[in-house]
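The next block is final_4.tsv, given as TSV, all heavy atoms.
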chain	number	residue	atom	x	y	z
A	232	MET	N	-16.62	34.91	0.18
A	232	MET	CA	-15.80	33.77	0.55
A	232	MET	C	-16.20	32.52	-0.23
A	232	MET	O	-15.33	31.73	-0.57
A	232	MET	CB	-15.97	33.47	2.04
A	232	MET	CG	-14.85	33.87	2.97
A	232	MET	SD	-13.25	34.05	2.25
A	232	MET	CE	-12.28	33.78	3.62
A	233	GLU	N	-17.49	32.33	-0.46
A	233	GLU	CA	-17.97	31.15	-1.19
A	233	GLU	C	-17.35	31.11	-2.59
A	233	GLU	O	-16.96	30.05	-3.08
A	233	GLU	CB	-19.50	31.16	-1.28
A	233	GLU	CG	-20.07	29.95	-1.98
A	233	GLU	CD	-19.79	28.63	-1.27
A	233	GLU	OE1	-19.64	28.62	-0.04
A	233	GLU	OE2	-19.70	27.60	-1.96
A	234	ARG	N	-17.25	32.25	-3.22
A	234	ARG	CA	-16.68	32.33	-4.58
A	234	ARG	C	-15.22	31.86	-4.57
A	234	ARG	O	-14.77	31.17	-5.48
A	234	ARG	CB	-16.79	33.77	-5.09
A	234	ARG	CG	-16.20	34.01	-6.42
A	234	ARG	CD	-17.14	33.57	-7.51
A	234	ARG	NE	-16.57	33.97	-8.79
A	234	ARG	CZ	-16.49	33.17	-9.82
A	234	ARG	NH1	-16.99	31.98	-9.76
A	234	ARG	NH2	-15.95	33.58	-10.93
A	235	ILE	N	-14.50	32.20	-3.55
A	235	ILE	CA	-13.09	31.79	-3.44
A	235	ILE	C	-13.00	30.27	-3.30
A	235	ILE	O	-12.15	29.63	-3.92
A	235	ILE	CB	-12.40	32.50	-2.26
A	235	ILE	CG1	-12.25	33.99	-2.59
A	235	ILE	CG2	-11.05	31.87	-1.93
A	235	ILE	CD1	-11.73	34.84	-1.46
A	236	HIS	N	-13.90	29.69	-2.51
A	236	HIS	CA	-13.91	28.23	-2.36
A	236	HIS	C	-14.23	27.55	-3.69
A	236	HIS	O	-13.62	26.53	-4.03
A	236	HIS	CB	-14.91	27.80	-1.29
A	236	HIS	CG	-14.50	28.17	0.09
A	236	HIS	ND1	-13.45	27.57	0.75
A	236	HIS	CD2	-14.99	29.10	0.95
A	236	HIS	CE1	-13.30	28.10	1.95
A	236	HIS	NE2	-14.23	29.04	2.10
A	237	GLU	N	-15.17	28.09	-4.44
A	237	GLU	CA	-15.51	27.54	-5.75
A	237	GLU	C	-14.32	27.62	-6.70
A	237	GLU	O	-14.03	26.68	-7.43
A	237	GLU	CB	-16.71	28.28	-6.35
A	237	GLU	CG	-18.01	28.01	-5.65
A	237	GLU	CD	-19.14	28.89	-6.16
A	237	GLU	OE1	-18.97	29.56	-7.20
A	237	GLU	OE2	-20.20	28.90	-5.52
A	238	MET	N	-13.64	28.75	-6.69
A	238	MET	CA	-12.47	28.92	-7.55
A	238	MET	C	-11.37	27.94	-7.16
A	238	MET	O	-10.72	27.35	-8.02
A	238	MET	CB	-11.96	30.36	-7.48
A	238	MET	CG	-12.89	31.34	-8.17
A	238	MET	SD	-12.40	33.07	-7.92
A	238	MET	CE	-10.80	33.10	-8.67
A	239	ALA	N	-11.15	27.75	-5.87
A	239	ALA	CA	-10.12	26.82	-5.39
A	239	ALA	C	-10.45	25.40	-5.83
A	239	ALA	O	-9.56	24.66	-6.27
A	239	ALA	CB	-10.00	26.89	-3.87
A	240	ASP	N	-11.71	25.01	-5.76
A	240	ASP	CA	-12.11	23.68	-6.20
A	240	ASP	C	-11.88	23.52	-7.70
A	240	ASP	O	-11.42	22.47	-8.16
A	240	ASP	CB	-13.58	23.41	-5.87
A	240	ASP	CG	-13.80	23.18	-4.38
A	240	ASP	OD1	-12.82	22.90	-3.67
A	240	ASP	OD2	-14.96	23.30	-3.96
A	241	SER	N	-12.20	24.54	-8.49
A	241	SER	CA	-12.00	24.49	-9.94
A	241	SER	C	-10.52	24.37	-10.27
A	241	SER	O	-10.13	23.60	-11.14
A	241	SER	CB	-12.58	25.73	-10.61
A	241	SER	OG	-13.97	25.75	-10.48
A	242	LEU	N	-9.69	25.14	-9.59
A	242	LEU	CA	-8.25	25.09	-9.85
A	242	LEU	C	-7.66	23.76	-9.42
A	242	LEU	O	-6.74	23.25	-10.07
A	242	LEU	CB	-7.55	26.25	-9.15
A	242	LEU	CG	-7.87	27.63	-9.72
A	242	LEU	CD1	-7.28	28.72	-8.85
A	242	LEU	CD2	-7.39	27.75	-11.15
A	243	LYS	N	-8.19	23.18	-8.35
A	243	LYS	CA	-7.73	21.86	-7.92
A	243	LYS	C	-8.02	20.84	-9.01
A	243	LYS	O	-7.19	20.00	-9.34
A	243	LYS	CB	-8.42	21.46	-6.63
A	243	LYS	CG	-7.87	20.20	-6.00
A	243	LYS	CD	-8.65	19.71	-4.80
A	243	LYS	CE	-9.03	20.78	-3.83
A	243	LYS	NZ	-9.78	20.27	-2.68
A	244	LEU	N	-9.20	20.93	-9.60
A	244	LEU	CA	-9.58	20.04	-10.69
A	244	LEU	C	-8.64	20.21	-11.88
A	244	LEU	O	-8.14	19.25	-12.44
A	244	LEU	CB	-11.02	20.32	-11.12
A	244	LEU	CG	-11.47	19.66	-12.42
A	244	LEU	CD1	-11.65	18.16	-12.20
A	244	LEU	CD2	-12.76	20.27	-12.91
A	245	LEU	N	-8.40	21.44	-12.26
A	245	LEU	CA	-7.59	21.71	-13.44
A	245	LEU	C	-6.10	21.48	-13.22
A	245	LEU	O	-5.34	21.39	-14.18
A	245	LEU	CB	-7.83	23.14	-13.92
A	245	LEU	CG	-9.26	23.43	-14.37
A	245	LEU	CD1	-9.42	24.92	-14.66
A	245	LEU	CD2	-9.63	22.61	-15.57
A	246	GLY	N	-5.69	21.37	-11.98
A	246	GLY	CA	-4.28	21.19	-11.67
A	246	GLY	C	-3.83	19.74	-11.66
A	246	GLY	O	-2.67	19.46	-11.37
A	247	ASP	N	-4.72	18.82	-11.98
A	247	ASP	CA	-4.39	17.41	-11.93
A	247	ASP	C	-4.41	16.82	-13.34
A	247	ASP	O	-5.43	16.87	-14.02
A	247	ASP	CB	-5.38	16.67	-11.03
A	247	ASP	CG	-4.99	15.23	-10.83
A	247	ASP	OD1	-5.35	14.40	-11.69
A	247	ASP	OD2	-4.32	14.94	-9.83
A	248	LYS	N	-3.29	16.25	-13.76
A	248	LYS	CA	-3.17	15.72	-15.12
A	248	LYS	C	-4.19	14.62	-15.41
A	248	LYS	O	-4.79	14.59	-16.48
A	248	LYS	CB	-1.75	15.18	-15.31
A	248	LYS	CG	-1.51	14.57	-16.67
A	248	LYS	CD	-0.12	13.96	-16.75
A	248	LYS	CE	0.01	13.12	-17.99
A	248	LYS	NZ	1.20	12.30	-17.97
A	249	THR	N	-4.40	13.73	-14.46
A	249	THR	CA	-5.35	12.63	-14.68
A	249	THR	C	-6.76	13.16	-14.86
A	249	THR	O	-7.49	12.73	-15.75
A	249	THR	CB	-5.30	11.63	-13.50
A	249	THR	OG1	-3.97	11.13	-13.38
A	249	THR	CG2	-6.27	10.48	-13.72
A	250	ARG	N	-7.16	14.13	-14.04
A	250	ARG	CA	-8.51	14.70	-14.16
A	250	ARG	C	-8.69	15.44	-15.47
A	250	ARG	O	-9.74	15.36	-16.10
A	250	ARG	CB	-8.81	15.60	-12.98
A	250	ARG	CG	-8.94	14.81	-11.69
A	250	ARG	CD	-9.31	15.68	-10.53
A	250	ARG	NE	-9.14	14.91	-9.31
A	250	ARG	CZ	-8.60	15.39	-8.21
A	250	ARG	NH1	-8.20	16.63	-8.14
A	250	ARG	NH2	-8.47	14.63	-7.16
A	251	LEU	N	-7.67	16.15	-15.88
A	251	LEU	CA	-7.74	16.83	-17.18
A	251	LEU	C	-7.86	15.82	-18.32
A	251	LEU	O	-8.61	16.03	-19.28
A	251	LEU	CB	-6.52	17.72	-17.39
A	251	LEU	CG	-6.51	19.02	-16.63
A	251	LEU	CD1	-5.15	19.72	-16.81
A	251	LEU	CD2	-7.63	19.92	-17.07
A	252	THR	N	-7.13	14.73	-18.20
A	252	THR	CA	-7.21	13.68	-19.22
A	252	THR	C	-8.60	13.07	-19.26
A	252	THR	O	-9.17	12.86	-20.34
A	252	THR	CB	-6.16	12.58	-18.94
A	252	THR	OG1	-4.87	13.18	-18.90
A	252	THR	CG2	-6.18	11.51	-20.01
A	253	ILE	N	-9.17	12.81	-18.09
A	253	ILE	CA	-10.53	12.26	-18.03
A	253	ILE	C	-11.52	13.23	-18.67
A	253	ILE	O	-12.39	12.82	-19.45
A	253	ILE	CB	-10.92	11.93	-16.57
A	253	ILE	CG1	-10.13	10.74	-16.07
A	253	ILE	CG2	-12.43	11.68	-16.46
A	253	ILE	CD1	-10.27	10.46	-14.58
A	254	LEU	N	-11.40	14.50	-18.36
A	254	LEU	CA	-12.30	15.49	-18.97
A	254	LEU	C	-12.18	15.50	-20.48
A	254	LEU	O	-13.18	15.56	-21.20
A	254	LEU	CB	-12.00	16.89	-18.41
A	254	LEU	CG	-12.51	17.18	-17.01
A	254	LEU	CD1	-12.02	18.56	-16.55
A	254	LEU	CD2	-14.02	17.11	-16.95
A	255	ALA	N	-10.96	15.44	-20.97
A	255	ALA	CA	-10.75	15.44	-22.42
A	255	ALA	C	-11.35	14.20	-23.06
A	255	ALA	O	-11.99	14.28	-24.13
A	255	ALA	CB	-9.25	15.53	-22.73
A	256	LEU	N	-11.18	13.04	-22.43
A	256	LEU	CA	-11.74	11.80	-22.97
A	256	LEU	C	-13.27	11.84	-22.96
A	256	LEU	O	-13.91	11.44	-23.93
A	256	LEU	CB	-11.25	10.61	-22.14
A	256	LEU	CG	-9.77	10.25	-22.29
A	256	LEU	CD1	-9.34	9.26	-21.22
A	256	LEU	CD2	-9.50	9.68	-23.68
A	257	LEU	N	-13.85	12.34	-21.87
A	257	LEU	CA	-15.31	12.40	-21.77
A	257	LEU	C	-15.92	13.43	-22.70
A	257	LEU	O	-17.08	13.33	-23.07
A	257	LEU	CB	-15.72	12.66	-20.32
A	257	LEU	CG	-15.44	11.52	-19.34
A	257	LEU	CD1	-15.78	11.96	-17.91
A	257	LEU	CD2	-16.21	10.28	-19.72
A	258	LYS	N	-15.12	14.42	-23.06
A	258	LYS	CA	-15.60	15.42	-24.01
A	258	LYS	C	-15.82	14.78	-25.39
A	258	LYS	O	-16.71	15.17	-26.14
A	258	LYS	CB	-14.59	16.57	-24.12
A	258	LYS	CG	-15.03	17.70	-24.99
A	258	LYS	CD	-14.01	18.81	-25.02
A	258	LYS	CE	-14.47	19.87	-26.01
A	258	LYS	NZ	-13.43	20.85	-26.25
A	259	GLU	N	-14.99	13.79	-25.71
A	259	GLU	CA	-15.07	13.11	-26.99
A	259	GLU	C	-16.23	12.11	-27.07
A	259	GLU	O	-16.89	11.99	-28.09
A	259	GLU	CB	-13.76	12.38	-27.29
A	259	GLU	CG	-12.57	13.31	-27.44
A	259	GLU	CD	-12.73	14.30	-28.58
A	259	GLU	OE1	-13.20	13.88	-29.66
A	259	GLU	OE2	-12.41	15.49	-28.38
A	260	ARG	N	-16.45	11.37	-25.96
A	260	ARG	CA	-17.52	10.37	-25.96
A	260	ARG	C	-17.79	9.91	-24.52
A	260	ARG	O	-16.96	10.10	-23.63
A	260	ARG	CB	-17.15	9.16	-26.82
A	260	ARG	CG	-15.92	8.41	-26.35
A	260	ARG	CD	-15.49	7.35	-27.34
A	260	ARG	NE	-14.16	6.89	-27.02
A	260	ARG	CZ	-13.87	5.65	-26.66
A	260	ARG	NH1	-14.82	4.75	-26.59
A	260	ARG	NH2	-12.63	5.30	-26.41
A	261	ALA	N	-18.94	9.30	-24.35
A	261	ALA	CA	-19.30	8.75	-23.04
A	261	ALA	C	-18.46	7.51	-22.76
A	261	ALA	O	-18.26	6.68	-23.64
A	261	ALA	CB	-20.78	8.40	-23.01
A	262	LEU	N	-17.94	7.42	-21.55
A	262	LEU	CA	-17.12	6.28	-21.15
A	262	LEU	C	-17.54	5.82	-19.76
A	262	LEU	O	-17.96	6.63	-18.94
A	262	LEU	CB	-15.64	6.68	-21.10
A	262	LEU	CG	-14.99	7.13	-22.39
A	262	LEU	CD1	-13.66	7.80	-22.11
A	262	LEU	CD2	-14.80	5.95	-23.32
A	263	CYS	N	-17.41	4.53	-19.52
A	263	CYS	CA	-17.64	4.02	-18.18
A	263	CYS	C	-16.29	3.95	-17.45
A	263	CYS	O	-15.23	4.11	-18.07
A	263	CYS	CB	-18.32	2.65	-18.22
A	263	CYS	SG	-17.29	1.34	-18.91
A	264	VAL	N	-16.35	3.70	-16.16
A	264	VAL	CA	-15.12	3.61	-15.38
A	264	VAL	C	-14.18	2.55	-15.93
A	264	VAL	O	-12.97	2.75	-16.00
A	264	VAL	CB	-15.43	3.37	-13.89
A	264	VAL	CG1	-14.16	3.14	-13.09
A	264	VAL	CG2	-16.20	4.52	-13.30
A	265	CYS	N	-14.75	1.42	-16.37
A	265	CYS	CA	-13.89	0.35	-16.90
A	265	CYS	C	-13.12	0.82	-18.14
A	265	CYS	O	-11.97	0.43	-18.35
A	265	CYS	CB	-14.69	-0.91	-17.18
A	265	CYS	SG	-16.00	-0.73	-18.38
A	266	ASP	N	-13.75	1.67	-18.97
A	266	ASP	CA	-13.04	2.23	-20.13
A	266	ASP	C	-11.91	3.14	-19.68
A	266	ASP	O	-10.80	3.09	-20.22
A	266	ASP	CB	-14.00	3.03	-21.01
A	266	ASP	CG	-15.07	2.18	-21.66
A	266	ASP	OD1	-14.80	1.01	-21.98
A	266	ASP	OD2	-16.19	2.71	-21.86
A	267	LEU	N	-12.19	3.98	-18.70
A	267	LEU	CA	-11.16	4.90	-18.20
A	267	LEU	C	-9.99	4.15	-17.58
A	267	LEU	O	-8.84	4.54	-17.76
A	267	LEU	CB	-11.77	5.87	-17.18
A	267	LEU	CG	-12.78	6.87	-17.75
A	267	LEU	CD1	-13.47	7.62	-16.63
A	267	LEU	CD2	-12.11	7.82	-18.72
A	268	VAL	N	-10.29	3.08	-16.87
A	268	VAL	CA	-9.23	2.26	-16.26
A	268	VAL	C	-8.27	1.77	-17.34
A	268	VAL	O	-7.05	1.85	-17.19
A	268	VAL	CB	-9.84	1.07	-15.48
A	268	VAL	CG1	-8.79	0.02	-15.15
A	268	VAL	CG2	-10.53	1.56	-14.22
A	269	GLU	N	-8.83	1.29	-18.42
A	269	GLU	CA	-8.00	0.78	-19.51
A	269	GLU	C	-7.24	1.90	-20.21
A	269	GLU	O	-6.03	1.79	-20.46
A	269	GLU	CB	-8.89	0.04	-20.52
A	269	GLU	CG	-8.09	-0.63	-21.62
A	269	GLU	CD	-8.98	-1.43	-22.55
A	269	GLU	OE1	-9.94	-2.06	-22.06
A	269	GLU	OE2	-8.71	-1.40	-23.76
A	270	LEU	N	-7.92	2.99	-20.52
A	270	LEU	CA	-7.28	4.09	-21.25
A	270	LEU	C	-6.19	4.78	-20.44
A	270	LEU	O	-5.19	5.23	-20.98
A	270	LEU	CB	-8.34	5.11	-21.68
A	270	LEU	CG	-9.31	4.64	-22.77
A	270	LEU	CD1	-10.49	5.61	-22.87
A	270	LEU	CD2	-8.60	4.51	-24.10
A	271	LEU	N	-6.41	4.88	-19.13
A	271	LEU	CA	-5.45	5.58	-18.26
A	271	LEU	C	-4.41	4.63	-17.66
A	271	LEU	O	-3.49	5.09	-16.99
A	271	LEU	CB	-6.20	6.29	-17.12
A	271	LEU	CG	-7.18	7.37	-17.55
A	271	LEU	CD1	-8.00	7.82	-16.34
A	271	LEU	CD2	-6.47	8.53	-18.20
A	272	ASP	N	-4.61	3.32	-17.88
A	272	ASP	CA	-3.72	2.32	-17.28
A	272	ASP	C	-3.60	2.55	-15.78
A	272	ASP	O	-2.51	2.74	-15.23
A	272	ASP	CB	-2.35	2.35	-17.96
A	272	ASP	CG	-1.50	1.14	-17.58
A	272	ASP	OD1	-2.08	0.07	-17.32
A	272	ASP	OD2	-0.26	1.28	-17.53
A	273	THR	N	-4.76	2.55	-15.13
A	273	THR	CA	-4.83	2.79	-13.70
A	273	THR	C	-5.79	1.80	-13.07
A	273	THR	O	-6.41	1.00	-13.77
A	273	THR	CB	-5.25	4.25	-13.41
A	273	THR	OG1	-5.07	4.52	-12.02
A	273	THR	CG2	-6.68	4.53	-13.80
A	274	SER	N	-5.94	1.85	-11.77
A	274	SER	CA	-6.87	0.96	-11.09
A	274	SER	C	-8.28	1.55	-11.08
A	274	SER	O	-8.46	2.77	-11.24
A	274	SER	CB	-6.41	0.73	-9.65
A	274	SER	OG	-6.52	1.94	-8.91
A	275	GLN	N	-9.26	0.69	-10.87
A	275	GLN	CA	-10.65	1.14	-10.81
A	275	GLN	C	-10.86	2.09	-9.62
A	275	GLN	O	-11.49	3.14	-9.78
A	275	GLN	CB	-11.60	-0.06	-10.76
A	275	GLN	CG	-13.07	0.31	-10.80
A	275	GLN	CD	-13.63	0.62	-9.43
A	275	GLN	OE1	-13.24	0.01	-8.44
A	275	GLN	NE2	-14.54	1.56	-9.37
A	276	PRO	N	-10.33	1.79	-8.44
A	276	PRO	CA	-10.51	2.74	-7.33
A	276	PRO	C	-9.89	4.11	-7.62
A	276	PRO	O	-10.45	5.14	-7.26
A	276	PRO	CB	-9.80	2.06	-6.15
A	276	PRO	CG	-9.86	0.60	-6.47
A	276	PRO	CD	-9.72	0.53	-7.97
A	277	ASN	N	-8.75	4.12	-8.29
A	277	ASN	CA	-8.11	5.40	-8.62
A	277	ASN	C	-8.96	6.20	-9.60
A	277	ASN	O	-9.16	7.40	-9.42
A	277	ASN	CB	-6.71	5.16	-9.19
A	277	ASN	CG	-5.95	6.46	-9.36
A	277	ASN	OD1	-6.00	7.35	-8.54
A	277	ASN	ND2	-5.25	6.57	-10.48
A	278	ALA	N	-9.45	5.55	-10.64
A	278	ALA	CA	-10.30	6.24	-11.61
A	278	ALA	C	-11.56	6.77	-10.94
A	278	ALA	O	-11.98	7.91	-11.17
A	278	ALA	CB	-10.65	5.30	-12.76
A	279	SER	N	-12.17	5.95	-10.09
A	279	SER	CA	-13.39	6.38	-9.39
A	279	SER	C	-13.11	7.57	-8.47
A	279	SER	O	-13.93	8.48	-8.37
A	279	SER	CB	-13.96	5.21	-8.57
A	279	SER	OG	-14.42	4.20	-9.41
A	280	GLN	N	-11.98	7.55	-7.81
A	280	GLN	CA	-11.60	8.66	-6.94
A	280	GLN	C	-11.51	9.97	-7.72
A	280	GLN	O	-11.99	11.00	-7.28
A	280	GLN	CB	-10.27	8.35	-6.24
A	280	GLN	CG	-9.76	9.46	-5.35
A	280	GLN	CD	-10.55	9.59	-4.06
A	280	GLN	OE1	-11.20	8.64	-3.64
A	280	GLN	NE2	-10.50	10.74	-3.46
A	281	HIS	N	-10.91	9.91	-8.89
A	281	HIS	CA	-10.79	11.12	-9.72
A	281	HIS	C	-12.15	11.59	-10.23
A	281	HIS	O	-12.38	12.79	-10.35
A	281	HIS	CB	-9.85	10.87	-10.89
A	281	HIS	CG	-8.41	10.91	-10.50
A	281	HIS	ND1	-7.76	12.07	-10.11
A	281	HIS	CD2	-7.48	9.93	-10.40
A	281	HIS	CE1	-6.50	11.80	-9.82
A	281	HIS	NE2	-6.31	10.50	-9.98
A	282	LEU	N	-13.04	10.66	-10.49
A	282	LEU	CA	-14.38	11.04	-10.95
A	282	LEU	C	-15.20	11.68	-9.83
A	282	LEU	O	-16.05	12.52	-10.10
A	282	LEU	CB	-15.12	9.81	-11.50
A	282	LEU	CG	-14.60	9.30	-12.83
A	282	LEU	CD1	-15.25	7.95	-13.15
A	282	LEU	CD2	-14.87	10.31	-13.95
A	283	ARG	N	-14.94	11.28	-8.62
A	283	ARG	CA	-15.68	11.83	-7.50
A	283	ARG	C	-15.39	13.31	-7.39
A	283	ARG	O	-16.12	14.17	-7.17
A	283	ARG	CB	-15.31	11.13	-6.21
A	283	ARG	CG	-16.15	11.59	-5.06
A	283	ARG	CD	-15.95	10.88	-3.76
A	283	ARG	NE	-15.23	9.65	-3.85
A	283	ARG	CZ	-14.45	9.20	-2.89
A	283	ARG	NH1	-14.30	9.87	-1.79
A	283	ARG	NH2	-13.83	8.06	-3.01
Could you quickly redo this structure as structure tokens?
Amino acid sequence: MERIHEMADSLKLLGDKTRLTILALLKERALCVCDLVELLDTSQPNASQHLR
């Protein structure tokens, strides 16, 4: 059952466009939340929520 929960969490991550975009950006270089806010044209709380 634990494996199923892990898979569900991974799929939830991969099913969100913003999270995938954040992963792609972080793969290229280190960024702080303020950088992500600007690049994604979103609010700081929203960016932080996706990082959590």
Neighbour list for region 267-277 of chain A as a PyMOL selection string, cut-off 6 Å, all atoms listed in the file, skip fewer than 2 positions in-chain: chain A and resi 249+252-253+256-257+260+262-265+279-282
Output as an MDAnalysis selection string all residues of chain A that backbone DSSP marks as helix (DSSP H, G or I). chainID A and resid 233:245 248:259 264:271 275:282
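Put simply, atom N of Ala255 (chain A) is 20.5 Å away from CG of Met238 (chain A).
Shortest separation to Asp266 (chain A) among A:Leu245, A:Leu251, A:Ala278, A:Ala239 occurs at residue A:Ala278, atoms counted being only C-alpha atoms.
The interatomic distance for the pair NE of Arg283 (chain A) and NH2 of Arg250 (chain A) works out to 9.0 Å.
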